[in-house]
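Colleague: Please see the structure below; I have some questions.
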Amino acid sequence: MADPVMPLAEAFAALGTPEGRQDPYPLYEALRAHGNVAQRAPGRLVVTGYEECARALRDAALHVQDGRSYDAHYPQWRAHSSLRAFTSSMLYSNPPDHARLRNVVSFAFTPPKVARLHDVIAGMCDRLLDRMAGLGAGGADVDVIGEFASRLPIAVISAMMGFPEQDQVWFRDMASRVAVSTDGFTDPTALEQADEAMDEMSGYFAELLDHRRRRPADDLVTLLAEAHDAGDGRLDHDELHGTLMVLLTAGFETTSFLIGHGALLALEQPSYAHLLRTGPEFAAGYVEEILRFEPPVHVTSRMATRDLVLGDVPVAAGSRLTLILAAANRDGRRFADPDRFDPARTDSKPLSFGLGSHFCLGAPLARLEARIALPALLRRFPDLAAVAPPVYRDRWVVRGLDTFPVRLGADAGART
């Protein structure tokens with residue numbers, strides 16, 4: 001007898017539980033059983049299909065949640081500084097504000113400009129791996145997330161923005177706390193902690209901006225200060241701080257999760273670890289498959305500004321759509337054997353960085369960091385081994401490993 005289908009509302013609600021956040025994939029399939037686009041409540045739809053998510057991401061009639069939509073649905077949101085920061089950024093902006101905010105910094109993340117960072121990122125990897133070797137000497141456990149997967153992205157984005165090196169670990173911890181607010185109002189205690197972290201970060205940003213005004217440098221903080229101070233409408237005060245916050249969190253946490261998942265999958269499947277060590281060209285396909293199979297960003301949302309049809313489902317103006325990108329990346333209509341990790345896939349095109357005008361600005365940088373970091377880690381520590389299961393963050397929207405203890409092996413101290 002076939003298993004009964006879990007009610008859609010029950011499956012969706014379960015995604016907000018600790019158990020659901022730890023392993024949401026069975027719940028995604030429970031949602032998909034109700035259709036690739038399904039109504040979970042009046043005016044609320046959930047989208048799990050690849051083609052339907054891709055269409056929604058590209059459709060100009062579907063807007064991201066911005067300050068106006070927050071006012072309508074969560075009138076208390078302005079009491080939360082972490083929500084104000086994100087909502088003042090390009091991440092939660094629609095035309096014409098979105099293009100204006102994105103254009104201020106987009107030149108720094110073009111593929112040619114990012115490619116020129118290759119040697120800088122490789123050097124940062126080497127220094128972090130040297131540090132790991134010291135920590136793991138004598139067989140001591142090392143957390144590959146805390147000591148490598150999270151430290152590399154924060155070092156890279158800090159260098160681009162002009163943040164002092166000695167503050168990087170503090171930035172990482174503050175950014176992780178603030179980023180909880182992307183889950184919205186699901187955890188009031190975590191949201192309160194995010195606000196406290198955002199207030200602390202805002203004070204730091206103000207001091208650093210003043211410093212860069214007195215001593216300009218070739219970095220993004222100087223650029224943003226100049227754009228704000230020009231008074232030409234490109235960037236107001238809240239947008240300045242929101243942009244700094246989004247560049248820091250988006251440039252760090254999602255890449256950390258990408259590298260962490262890559263390390264975990266390589267240790268689970270040693271043949272892939274061998275290929276990463278010995279065939280540098282393998283890394284590109286491997287990283288794309290991580291993005292499909294274990295994307296850092298699981299969910300985004302859109303609001304319909306007019307009546308439309310998505311798939312074969314009518315969507316009324318004002319409807320709110322939850323787009324589950326991680327489910328779309330495992331849509332069997334688009335991917336053969338979707339629950340199998342297979343770096344040899346061709347024409348994969350996961351939706352993990354989005355599509356359309358909100359396509360992730362930092363996608364080229366995240367890909368480059370992962371393609372450099374994973375082979376470097378596995379070459380340096382060929383006997384790398386897990387000593388305990390990894391622990392996932394208690395998050396849903398942006399999901400990844402919090403800790404992953406490993407041992408480096410007998411030759412941990414030697415460079416190869």
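Going through the structure tokens in order, the chains are called A, B, and so on, while each chain numbers its residues from 1 and the ligands are numbered from 1 in the order shown.
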Would you mind listing what lies within 12 Å of A:Trp170 as a list in words, with only C-alpha atoms counted and same-chain residues fewer than 3 positions away left out?

Modeller: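 The neighbour list is Ser150, Arg151, Ile154, Ala155, Ser158, Phe163, Pro164, Glu165, Gln166, Asp167, Asp173, Met174, Ala175, Ser176, Arg177, Ala197, Glu200, Met201, Tyr204 and Leu248 of chain A.
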
Colleague: Using C-alpha atoms, can you write the selected residues to a file as a PDB file, in the first residue's frame?

Modeller:
ATOM      1  CA  SER A 150      34.491  30.064   7.242  1.00  0.00           C
ATOM      2  CA  ARG A 151      37.863  31.798   7.629  1.00  0.00           C
ATOM      3  CA  ILE A 154      35.664  36.190   5.504  1.00  0.00           C
ATOM      4  CA  ALA A 155      39.326  36.888   4.703  1.00  0.00           C
ATOM      5  CA  SER A 158      37.297  41.595   4.246  1.00  0.00           C
ATOM      6  CA  PHE A 163      38.226  45.535   6.879  1.00  0.00           C
ATOM      7  CA  PRO A 164      41.282  45.097   9.153  1.00  0.00           C
ATOM      8  CA  GLU A 165      42.616  41.554   9.284  1.00  0.00           C
ATOM      9  CA  GLN A 166      42.577  41.454  13.085  1.00  0.00           C
ATOM     10  CA  ASP A 167      38.800  41.947  13.075  1.00  0.00           C
ATOM     11  CA  ASP A 173      30.717  35.803  14.404  1.00  0.00           C
ATOM     12  CA  MET A 174      28.722  39.031  14.114  1.00  0.00           C
ATOM     13  CA  ALA A 175      27.694  38.306  10.514  1.00  0.00           C
ATOM     14  CA  SER A 176      26.494  34.816  11.468  1.00  0.00           C
ATOM     15  CA  ARG A 177      24.325  36.251  14.219  1.00  0.00           C
ATOM     16  CA  ALA A 197      24.785  42.164  16.632  1.00  0.00           C
ATOM     17  CA  GLU A 200      27.244  46.602  17.246  1.00  0.00           C
ATOM     18  CA  MET A 201      28.151  46.253  13.581  1.00  0.00           C
ATOM     19  CA  TYR A 204      31.812  49.665  13.808  1.00  0.00           C
ATOM     20  CA  LEU A 248      29.742  40.929   4.369  1.00  0.00           C
TER      21      LEU A 248
END

Colleague: DSSP on the backbone, alpha helix (DSSP H) only: what residues of stretch 174-311 of chain A does that give? Format it as a PyMOL selection string.

Modeller: chain A and resi 174-179+188-214+220-229+237-250+253-268+270-278+282-293

Colleague: Would you kindly return, as a ChimeraX atom specification, each protein, DNA or RNA residue with an atom no farther than 9 Å from any atom of A:Gly138, considering only C-alpha atoms and excluding same-chain residues fewer than 3 positions away?

Modeller: /A:134-135,409-410,412

Colleague: Taking 4 positions as the minimum chain separation for residues in the same chain, which residues sit within 7 Å of A:Ser93 when counting only C-alpha atoms? Answer as a PDB file with N, CA, C and O atoms, in the first residue's frame.

Modeller:
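Below is the file that was written, result_9.pdb:
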ATOM      1  N   VAL A  64      10.604  40.833  -5.090  1.00  0.00           N
ATOM      2  CA  VAL A  64      11.091  40.372  -3.796  1.00  0.00           C
ATOM      3  C   VAL A  64      10.340  41.120  -2.698  1.00  0.00           C
ATOM      4  O   VAL A  64       9.757  42.188  -2.929  1.00  0.00           O
ATOM      5  N   ASP A  66       9.981  43.639  -0.002  1.00  0.00           N
ATOM      6  CA  ASP A  66      10.697  44.868   0.306  1.00  0.00           C
ATOM      7  C   ASP A  66      10.027  45.555   1.492  1.00  0.00           C
ATOM      8  O   ASP A  66       9.143  44.984   2.152  1.00  0.00           O
ATOM      9  N   SER A  89      18.883  47.092   1.586  1.00  0.00           N
ATOM     10  CA  SER A  89      19.927  46.661   0.661  1.00  0.00           C
ATOM     11  C   SER A  89      19.328  46.202  -0.665  1.00  0.00           C
ATOM     12  O   SER A  89      18.109  46.078  -0.805  1.00  0.00           O
ATOM     13  N   ASP A  97      14.943  50.847  -7.474  1.00  0.00           N
ATOM     14  CA  ASP A  97      15.989  50.928  -6.450  1.00  0.00           C
ATOM     15  C   ASP A  97      17.013  49.812  -6.581  1.00  0.00           C
ATOM     16  O   ASP A  97      18.205  50.013  -6.316  1.00  0.00           O
ATOM     17  N   HIS A  98      16.551  48.613  -6.976  1.00  0.00           N
ATOM     18  CA  HIS A  98      17.460  47.482  -7.027  1.00  0.00           C
ATOM     19  C   HIS A  98      18.638  47.727  -7.959  1.00  0.00           C
ATOM     20  O   HIS A  98      19.798  47.519  -7.592  1.00  0.00           O
TER      21      HIS A  98
END

Colleague: Can you work out which one of A:Asp312, A:Asp71, A:Asp342, A:Glu196 has the shortest atom-to-atom distance to A:Thr87, counting only C-alpha atoms?

Modeller: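 When distances to A:Thr87 are compared using only C-alpha atoms, the smallest one comes from A:Asp71.
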
Colleague: Which one is closest to A:Ala284: A:Ala56, A:Ile372, A:Val37, A:Val105? Count only C-alpha atoms.

Modeller: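 For A:Ala284, the nearest of the candidates is A:Ile372.
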
Colleague: Could you check the closest approach to A:Gly233 for each of A:Ala273, A:Leu101, A:Ala9, A:Leu368 and tell me which residue wins, using only C-alpha atoms?

Modeller: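 Closest candidate: A:Leu101.
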
Colleague: For stretch 115-130 of chain A, list every protein, DNA or RNA residue within 9 Å, evaluated using only C-alpha atoms, and leave out those in the same chain fewer than 4 positions away; present the list as a ChimeraX atom specification.

Modeller: /A:110-111,134-135,147-148,151-152,155-156,364-365,368-369,372-373,376-377,380-381,412-415

Colleague: Return the single residue from A:Phe404, A:Phe107, A:Trp77, A:Tyr70 that is closest to A:Ile259, with distances computed using only C-alpha atoms.

Modeller: A:Phe404

Colleague: Identify, on the basis of only C-alpha atoms, every residue whose closest approach to A:Ala38 does not exceed 12 Å; exclude the query and any residue fewer than 2 positions from it along the same chain; express the result as a PyMOL selection string.

Modeller: chain A and resi 7-9+12+30-36+40-49+52+310-315+320-324

Colleague: Contacts of A:Pro296 at 7 Å or less, counting only C-alpha atoms, minus same-chain residues fewer than 3 places along, as a PyMOL selection string?

Modeller: chain A and resi 254+257-258+398-400

Colleague: Ranking A:Leu209, A:Met245, A:Ala250, A:Leu235 by minimum distance to A:Gly362 and counting only C-alpha atoms, which one comes first?

Modeller: A:Ala250

Colleague: Quick one: DSSP strand (DSSP E or B) residues in stretch 209-378 of chain A, as a list in words?

Modeller: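 Filtering stretch 209-378 of chain A down to strand (DSSP E or B) leaves Val297, Val299, Thr300, Ser301, Arg302, Met303, Ala304, Leu308, Val309, Leu310, Val313, Pro314, Val315, Arg320, Leu321, Thr322, Leu323 and Ile324 of chain A.
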
Colleague: Just give me the gap between atom CA of A:Gly279 and atom CA of A:Ala366 in Å, one decimal is fine.

Modeller: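 Distance reported for this atom pair: 20.0 Å.
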
Colleague: With distances taken over only C-alpha atoms, which of A:Gly318, A:Gly16, A:Pro338, A:Gly231 is nearest to A:Glu294?

Modeller: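 With only C-alpha atoms as the atom set, the closest residue is A:Pro338.
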
Colleague: Hey, can you check how far atom CA of A:Leu378 sits from atom CA of A:Val391?

Modeller: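 Separation between atom CA of A:Leu378 and atom CA of A:Val391: 20.7 Å.
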